[in-house]
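Engineer: Questions regarding the structure given below will be posed in turn.
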Amino acid sequence: MPLPQRINEILSSPAIGTHIQVTGWLRSCRNSKEISFLDLNDGSGLTGLQVVADKTLPNYESEIQNLSTACAITVHGLLQESPAKGQAVELLATTIEIVGWSNPALYPLQKKRHSLEFLRTLPHLRGRTNSLSAMMRIRNCLSFAVHRFFQHHAFQQLHTPIITTSDCEGAGEMFTVTSLDLDNLPKTAEGQVSFAEDFFSQHASLTVSGQLEAEAYALAVGPVYTFGPTFRAENSHTSRHLAEFWMVEPEIPFCDLTLDMEIAEEMMQFLVAAVIEECPDDIDFFSRFVDKKLAMRLEVMARPFHHITYSDAINQLQQTTTKFNYPINWGVDLQSEHEKFLTDEIFKGPVIVTDYPKNIKPFYMRCNDDGKTVAAMDILAPSIGEIIGGSQREERLTPLEQRMAECHVSRQEYDWYLDLRRFGSVPHAGFGLGFERMVLLMTGLGNIRDVIPFPRTPGGVAR
RNA sequence: UCCUCGGUAGCUCAGCUGGUAGAGCAGGUGGCUGUUAACCACCUUGUCGGGGGUUCGAAUCCCUCCCGAGGAGCCA
């Protein structure tokens with residue numbers, strides 16, 4: 001493909017003495033009367049290529065001296081060793097074509113450091129900063145590694161629908177999808193909105209999870225995984241939640257909770273290793289400027305994860321002298337402060353908590369023989385909290401029907417799901433990884449709005 | 001949704017117990033043959049988040065709304 005060579009490739013194996021062409025955007029310009037130094041960056045890495053332009057260039061006075069941050073240029077020149085300190089190689093320009101000008105008085109990003117809060121107001125431009133481009137490279141690396149991991153283990157990627165008519169968890173607010181005229185809504189005899197007249201002839205929403213559809217295909221073609229956007233209309237205004245986020249959801253037939261946990265742990269360690277291997281500069285950048293403990297945390301991720309049952313976790317938390325804001329009782333879900341205590345104080349690393357009380361978990365999780373707990377597992381990561389939630393699914397028809405009744409899940413609506421238990425049901429399990437939380441873990445960034453290019457949160461969409 | 005802290009120049013912030021606004025950076029102009037968040041000199045910039053109130057007088061005190069950050073709940 002006739003694409004221009006990227007700067008990170010040029011710098012990693014510089015062909016000194018050859019003529020090359022590069023394209024990119026200027027981060028800064030240092031002009032003097034007869035020579036200019038242009039810091040050219042094309043987004044391929046943190047380090048830019050220094051372009052040296054001297055007055056012999058025909059457009060030196062007319063154009064080059066007027067260049068400023070953000071201008072786009074194409075440079076032909078001679079790659080040479082740099083006589084000055086600061087960089088090993090530089091490009092001595094023979095021609096510089098200005099592809100796109102930028103008005104420095106109006107361009108909102110300066111050479112100096114900006115706060116992440118300010119950059120959030122410029123989602124369309126913030127990718128030009130080191131922080132966001134480094135995040136983007138790590139995010140991309142993680143994304144590709146997810147596919148590599150599952151494809152290598154013969155999982156098939158399943159494209160589950162974005163628009164759905166089922167509410168998977170039975171919890172969580174969903175966004176309604178409608179083409180009805182909002183100023184003139186059709187009503188039923190009871191005064192409710194008549195979705196029978198809507199586009200899909202029934203109420204439809206944006207998906208909160210592809211799990212149930214993934215189960216259907218796992219019981220048809222073998223191990224599958226989904227990797228796509230999911231949506232929650234919950235009014236949660238925190239640094240860990242998005243209204244639109246990406247989730248990785250494998251679903252494995254002939255699989256119990258133990259194997260499910262093994263796969264989850266192996267996947268996470270594969271992802272961590274991939275980023276450490278492929279994005280060392282970006283990890284180093286985040287370690288130095290964002291989170292000094294990042295490298296240490298990533299080391300811990302490579303060790304075997306700790307395991308503890310929910311009941312044992314409750315016991316341990318009850319035995320500590322630490323005072324919690326929320327009381328610890330068997331049957332109540334673990335609060336953030338409890339999860340943090342498990343990961344940061346007791347285990348000092350990732351923890352897999354298993355066998356939660358069935359009453360705090362959804363209907364589809366498999367009931368354990370004790371009748372009180374389900375075959376569920378949550379992976380808690382240091383400083384992030386829950387990063388993976390998974391379970392072995394209830395494959396037995398009768399217990400599933402009982403749980404659906406207890407949870408007030410419509411039998412009619414989920415009859416198709418029961419079919420999966422009627423016709424060749426097998427033990428199966430899966431989990432969901434919050435992809436942005438994985439990016440948080442790998443970058444050390446503190447706010448989930450900074451690990452997705454265009455964040456959607458309650459209250460506003462900037463672009 | 002609740003709690004806490006914030007909102008002053010393009011950005012980051014100072015502005016004490018009320019006396020009507022400042023710094024650094026960015027930007028502009030000029031200078032400089034090798035710079036590295038370049039340097040030197042000079043210059044520009046404000047409905048002090050919106051609205052209302054107290055006061056002779058409000059960036060400063062009070063009320064209210066909006067927005068942002070951190071935490072909680074819920075979750076991934």
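Letters for chains follow the order of the structure tokens (A, B, ...), residue numbers begin at 1 for each chain, and ligand numbers begin at 1 in the order shown.
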Set the cut-off to 7 Å and count only C-alpha atoms (C1' of nucleotides): what are the residues of chain B that reach chain A? Output as a list in words.
Structural biologist: G10, C11, A26, G27, C32, U33, G34, U35, U36, A37, A38 and A76 of chain B
Engineer: At a cut-off of 12 Å, using only C-alpha atoms (C1' of nucleotides), what residues contact His153 of chain A? Leave out same-chain residues fewer than 6 positions from it and give the result as a PyMOL selection string.
Structural biologist: chain A and resi 146-147+222-225+250+252+263+266-267
Engineer: Nearest residue to A58 of chain B out of B:G19, B:G7, B:U44, B:A14, using only C-alpha atoms (C1' of nucleotides)?
Structural biologist: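 That would be B:G19, the residue with the smallest distance to A58 of chain B.
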Engineer: Have a look at atom CA of Thr373 of chain A and atom CA of His307 of chain A and let me know their distance in Å, one decimal.
Structural biologist: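 Rounded to one decimal, the two atoms are 16.3 Å apart.
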Engineer: Could you give me, as JSON, numbers by chain, the residues within 9 Å of Ile283 of chain A, counting only C-alpha atoms (C1' of nucleotides) and dropping anything in the same chain fewer than 5 positions from it?
Structural biologist: {"A": [134, 138, 275, 276, 288, 294, 295, 442, 443]}
Engineer: Using the selection just defined, write its residues with N, CA, C and O atoms as a compact mmCIF listing (two decimals), in the first residue's frame.
Structural biologist:
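Saved the output as again.txt:
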# COMPACT_ATOMS: atom_id res chain seq x y z
N ALA A 134 -1.56 8.49 23.39
CA ALA A 134 -1.00 7.31 24.07
C ALA A 134 -2.13 6.39 24.52
O ALA A 134 -2.06 5.16 24.37
N ILE A 138 -2.88 2.45 23.26
CA ILE A 138 -3.06 1.34 24.19
C ILE A 138 -4.44 0.72 24.00
O ILE A 138 -4.59 -0.51 24.00
N VAL A 275 0.08 -5.31 25.89
CA VAL A 275 0.32 -3.87 25.96
C VAL A 275 1.76 -3.59 26.41
O VAL A 275 2.43 -2.72 25.86
N ILE A 276 2.23 -4.36 27.40
CA ILE A 276 3.60 -4.17 27.86
C ILE A 276 4.58 -4.43 26.72
O ILE A 276 5.56 -3.72 26.53
N ARG A 288 5.21 7.75 34.26
CA ARG A 288 5.93 8.94 34.72
C ARG A 288 5.00 10.11 35.01
O ARG A 288 5.22 10.86 35.96
N LEU A 294 1.90 2.54 38.28
CA LEU A 294 1.36 1.74 37.19
C LEU A 294 2.18 0.48 36.93
O LEU A 294 1.63 -0.62 36.86
N ALA A 295 3.48 0.64 36.78
CA ALA A 295 4.33 -0.51 36.45
C ALA A 295 4.20 -1.60 37.51
O ALA A 295 4.11 -2.79 37.19
N MET A 442 -4.73 -0.23 32.41
CA MET A 442 -3.48 -0.24 31.65
C MET A 442 -2.83 1.13 31.52
O MET A 442 -1.66 1.23 31.16
N THR A 443 -3.60 2.20 31.74
CA THR A 443 -3.04 3.54 31.59
C THR A 443 -2.81 4.23 32.92
O THR A 443 -2.00 5.16 33.00
Engineer: Write out as a list in words the residues lying within 12 Å of G22 of chain B, counting only C-alpha atoms (C1' of nucleotides) and excluding same-chain residues fewer than 5 positions away.
Structural biologist: U8, A9, C13, A14, G15, G46 and C48 of chain B
Engineer: Please extract the residues of segment 186-244 of chain A with a backbone DSSP assignment of alpha helix (DSSP H) and present them as a list in words.
Structural biologist: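 Here is the list: Gln211, Leu212, Glu213, Ala214, Glu215, Ala216, Tyr217, Ala218, Leu219, Ala220 and Val221 of chain A.
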Engineer: Using only C-alpha atoms (C1' of nucleotides), which protein or nucleic acid residues come within 12 Å of Leu298 of chain A? Drop anything in the same chain fewer than 3 positions from it, and give the result as a VMD selection string.
Structural biologist: chain A and resid 268 to 276 283 to 284 287 291 to 295 301 to 303 349 to 350 381 to 383 438 440 to 444
Engineer: Keeping only N, CA, C and O atoms, take the residues you just selected and write them out as a CSV table (one decimal), in the first residue's frame.
Structural biologist:
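And here's result_35.csv as it stands now:
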chain,number,residue,atom,x,y,z
A,268,MET,N,-7.0,-11.8,30.8
A,268,MET,CA,-6.5,-10.5,31.3
A,268,MET,C,-5.0,-10.5,31.3
A,268,MET,O,-4.4,-9.4,31.0
A,269,GLN,N,-4.4,-11.6,31.6
A,269,GLN,CA,-2.9,-11.6,31.6
A,269,GLN,C,-2.4,-11.5,30.2
A,269,GLN,O,-1.3,-10.9,30.0
A,270,PHE,N,-3.1,-12.1,29.3
A,270,PHE,CA,-2.7,-11.9,27.9
A,270,PHE,C,-2.7,-10.5,27.4
A,270,PHE,O,-1.8,-9.9,26.7
A,271,LEU,N,-3.8,-9.8,27.8
A,271,LEU,CA,-4.0,-8.4,27.4
A,271,LEU,C,-2.9,-7.5,28.0
A,271,LEU,O,-2.3,-6.6,27.4
A,272,VAL,N,-2.6,-7.7,29.3
A,272,VAL,CA,-1.6,-6.9,30.0
A,272,VAL,C,-0.3,-7.2,29.3
A,272,VAL,O,0.5,-6.2,29.0
A,273,ALA,N,0.1,-8.4,29.0
A,273,ALA,CA,1.3,-8.7,28.4
A,273,ALA,C,1.4,-8.1,27.0
A,273,ALA,O,2.5,-7.6,26.6
A,274,ALA,N,0.3,-8.1,26.3
A,274,ALA,CA,0.3,-7.5,24.9
A,274,ALA,C,0.7,-6.0,25.0
A,274,ALA,O,1.5,-5.5,24.2
A,275,VAL,N,0.1,-5.3,25.9
A,275,VAL,CA,0.3,-3.9,26.0
A,275,VAL,C,1.8,-3.6,26.4
A,275,VAL,O,2.4,-2.7,25.9
A,276,ILE,N,2.2,-4.4,27.4
A,276,ILE,CA,3.6,-4.2,27.9
A,276,ILE,C,4.6,-4.4,26.7
A,276,ILE,O,5.6,-3.7,26.5
A,283,ILE,N,3.3,3.1,28.0
A,283,ILE,CA,3.2,2.7,29.5
A,283,ILE,C,4.2,3.5,30.3
A,283,ILE,O,3.9,4.0,31.4
A,284,ASP,N,5.4,3.7,29.7
A,284,ASP,CA,6.4,4.5,30.4
A,284,ASP,C,5.9,5.9,30.6
A,284,ASP,O,6.1,6.5,31.7
A,287,SER,N,3.4,5.9,33.3
A,287,SER,CA,4.0,5.7,34.6
A,287,SER,C,4.7,7.0,35.2
A,287,SER,O,4.7,7.2,36.4
A,291,ASP,N,0.5,8.0,36.7
A,291,ASP,CA,0.3,7.0,37.8
A,291,ASP,C,1.7,6.4,38.1
A,291,ASP,O,2.1,5.4,37.4
A,292,LYS,N,2.3,6.8,39.1
A,292,LYS,CA,3.7,6.3,39.4
A,292,LYS,C,3.7,4.8,39.8
A,292,LYS,O,4.7,4.2,39.6
A,293,LYS,N,2.5,4.3,40.2
A,293,LYS,CA,2.5,2.9,40.6
A,293,LYS,C,2.0,2.0,39.5
A,293,LYS,O,1.8,0.8,39.7
A,294,LEU,N,1.9,2.5,38.3
A,294,LEU,CA,1.4,1.7,37.2
A,294,LEU,C,2.2,0.5,36.9
A,294,LEU,O,1.6,-0.6,36.9
A,295,ALA,N,3.5,0.6,36.8
A,295,ALA,CA,4.3,-0.5,36.4
A,295,ALA,C,4.2,-1.6,37.5
A,295,ALA,O,4.1,-2.8,37.2
A,301,MET,N,-0.4,-8.0,38.1
A,301,MET,CA,-1.4,-8.7,37.3
A,301,MET,C,-0.9,-9.9,36.6
A,301,MET,O,-1.7,-10.8,36.2
A,302,ALA,N,0.4,-10.0,36.5
A,302,ALA,CA,1.0,-11.2,35.9
A,302,ALA,C,1.0,-12.4,36.8
A,302,ALA,O,1.2,-13.6,36.4
A,303,ARG,N,0.9,-12.2,38.1
A,303,ARG,CA,0.9,-13.3,39.1
A,303,ARG,C,-0.5,-13.9,39.1
A,303,ARG,O,-1.5,-13.3,38.7
A,349,GLY,N,-3.7,-7.3,45.3
A,349,GLY,CA,-3.7,-7.7,43.9
A,349,GLY,C,-5.1,-8.1,43.5
A,349,GLY,O,-6.0,-7.9,44.3
A,350,PRO,N,-5.2,-8.5,42.2
A,350,PRO,CA,-6.5,-8.9,41.7
A,350,PRO,C,-7.1,-10.1,42.5
A,350,PRO,O,-6.4,-11.0,42.9
A,381,ALA,N,-10.2,-5.6,40.5
A,381,ALA,CA,-8.8,-5.2,40.2
A,381,ALA,C,-8.4,-4.1,41.1
A,381,ALA,O,-9.3,-3.2,41.5
A,382,PRO,N,-7.2,-4.0,41.5
A,382,PRO,CA,-6.7,-2.9,42.4
A,382,PRO,C,-7.1,-1.6,41.8
A,382,PRO,O,-6.8,-1.3,40.6
A,383,SER,N,-7.6,-0.7,42.6
A,383,SER,CA,-7.9,0.7,42.3
A,383,SER,C,-9.0,0.9,41.2
A,383,SER,O,-9.5,2.0,41.0
A,438,MET,N,-10.6,-1.8,31.6
A,438,MET,CA,-9.3,-2.5,31.2
A,438,MET,C,-8.4,-1.4,30.8
A,438,MET,O,-7.2,-1.4,31.1
A,440,LEU,N,-8.5,1.7,31.7
A,440,LEU,CA,-8.1,2.5,32.9
A,440,LEU,C,-6.9,1.8,33.6
A,440,LEU,O,-6.0,2.4,34.0
A,441,LEU,N,-7.1,0.5,33.7
A,441,LEU,CA,-6.1,-0.3,34.4
A,441,LEU,C,-4.7,-0.2,33.7
A,441,LEU,O,-3.7,-0.1,34.4
A,442,MET,N,-4.7,-0.2,32.4
A,442,MET,CA,-3.5,-0.2,31.7
A,442,MET,C,-2.8,1.1,31.5
A,442,MET,O,-1.7,1.2,31.2
A,443,THR,N,-3.6,2.2,31.7
A,443,THR,CA,-3.0,3.5,31.6
A,443,THR,C,-2.8,4.2,32.9
A,443,THR,O,-2.0,5.2,33.0
A,444,GLY,N,-3.5,3.8,33.9
A,444,GLY,CA,-3.5,4.5,35.2
A,444,GLY,C,-4.3,5.8,35.2
A,444,GLY,O,-4.3,6.5,36.2
Engineer: So the first atom is atom CA of Gly424 of chain A and the second is atom CA of Thr398 of chain A; what is the distance between them in Å, to one decimal place?
Structural biologist: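 A separation of 14.4 Å between them.
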Engineer: If I take atom CA of Leu317 of chain A and atom CA of Glu339 of chain A, how far is one from the other in Å, to one decimal?
Structural biologist: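 Distance reported for this atom pair: 9.8 Å.
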Engineer: Can you pull out every residue from segment 106-335 of chain A that DSSP, working from the backbone, puts in strand (DSSP E or B), and format the result as a PyMOL selection string?
Structural biologist: chain A and resi 156-157+163-164+176-177+187+193+204-206+224-231+244-253+306-309
Engineer: Write the residues of the preceding selection, restricted to C-alpha atoms, as a PDB file, in the first residue's frame.
Structural biologist:
ATOM      1  CA  GLN A 156     -15.887 -17.073  16.964  1.00  0.00           C
ATOM      2  CA  GLN A 157     -16.797 -13.419  17.174  1.00  0.00           C
ATOM      3  CA  ILE A 163     -31.329  -2.812  19.257  1.00  0.00           C
ATOM      4  CA  THR A 164     -33.062  -5.327  21.457  1.00  0.00           C
ATOM      5  CA  THR A 176     -35.768   3.432  24.395  1.00  0.00           C
ATOM      6  CA  VAL A 177     -35.425   3.226  20.618  1.00  0.00           C
ATOM      7  CA  LYS A 187     -51.903   5.892  23.343  1.00  0.00           C
ATOM      8  CA  VAL A 193     -47.819   4.801  24.979  1.00  0.00           C
ATOM      9  CA  ALA A 204     -37.358  -1.616  21.824  1.00  0.00           C
ATOM     10  CA  SER A 205     -34.192  -0.499  23.582  1.00  0.00           C
ATOM     11  CA  LEU A 206     -30.455  -0.201  23.157  1.00  0.00           C
ATOM     12  CA  VAL A 224     -18.184 -17.298  20.962  1.00  0.00           C
ATOM     13  CA  TYR A 225     -17.379 -13.786  22.097  1.00  0.00           C
ATOM     14  CA  THR A 226     -18.967 -10.431  21.553  1.00  0.00           C
ATOM     15  CA  PHE A 227     -17.087  -7.148  21.505  1.00  0.00           C
ATOM     16  CA  GLY A 228     -19.300  -4.184  21.020  1.00  0.00           C
ATOM     17  CA  PRO A 229     -20.959  -1.136  22.505  1.00  0.00           C
ATOM     18  CA  THR A 230     -23.527  -1.436  25.263  1.00  0.00           C
ATOM     19  CA  PHE A 231     -25.737   1.197  26.797  1.00  0.00           C
ATOM     20  CA  GLU A 244     -22.131   4.043  26.177  1.00  0.00           C
ATOM     21  CA  PHE A 245     -19.281   1.634  26.801  1.00  0.00           C
ATOM     22  CA  TRP A 246     -17.683  -1.375  25.165  1.00  0.00           C
ATOM     23  CA  MET A 247     -17.920  -4.843  26.561  1.00  0.00           C
ATOM     24  CA  VAL A 248     -16.185  -8.135  25.797  1.00  0.00           C
ATOM     25  CA  GLU A 249     -18.449 -11.091  26.508  1.00  0.00           C
ATOM     26  CA  PRO A 250     -17.275 -14.645  25.846  1.00  0.00           C
ATOM     27  CA  GLU A 251     -19.726 -17.494  26.231  1.00  0.00           C
ATOM     28  CA  ILE A 252     -18.466 -21.086  26.422  1.00  0.00           C
ATOM     29  CA  PRO A 253     -20.480 -24.322  26.168  1.00  0.00           C
ATOM     30  CA  HIS A 306      -6.354 -14.701  44.385  1.00  0.00           C
ATOM     31  CA  HIS A 307      -9.585 -16.586  44.919  1.00  0.00           C
ATOM     32  CA  ILE A 308     -12.075 -16.205  47.739  1.00  0.00           C
ATOM     33  CA  THR A 309     -15.705 -17.111  48.156  1.00  0.00           C
TER      34      THR A 309
END
Engineer: Using only C-alpha atoms, find the one residue out of A:Thr457, A:Ile98, A:Arg148, A:Leu142 that sits nearest to Ser62 of chain A.
Structural biologist: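 Closest to Ser62 of chain A, using only C-alpha atoms: A:Ile98.
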Engineer: From the list A:Tyr217, A:Phe289, A:Phe363, A:Trp330, which residue is nearest Ile314 of chain A when using only C-alpha atoms?
Structural biologist: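 Under the stated criterion, the closest residue is A:Trp330.
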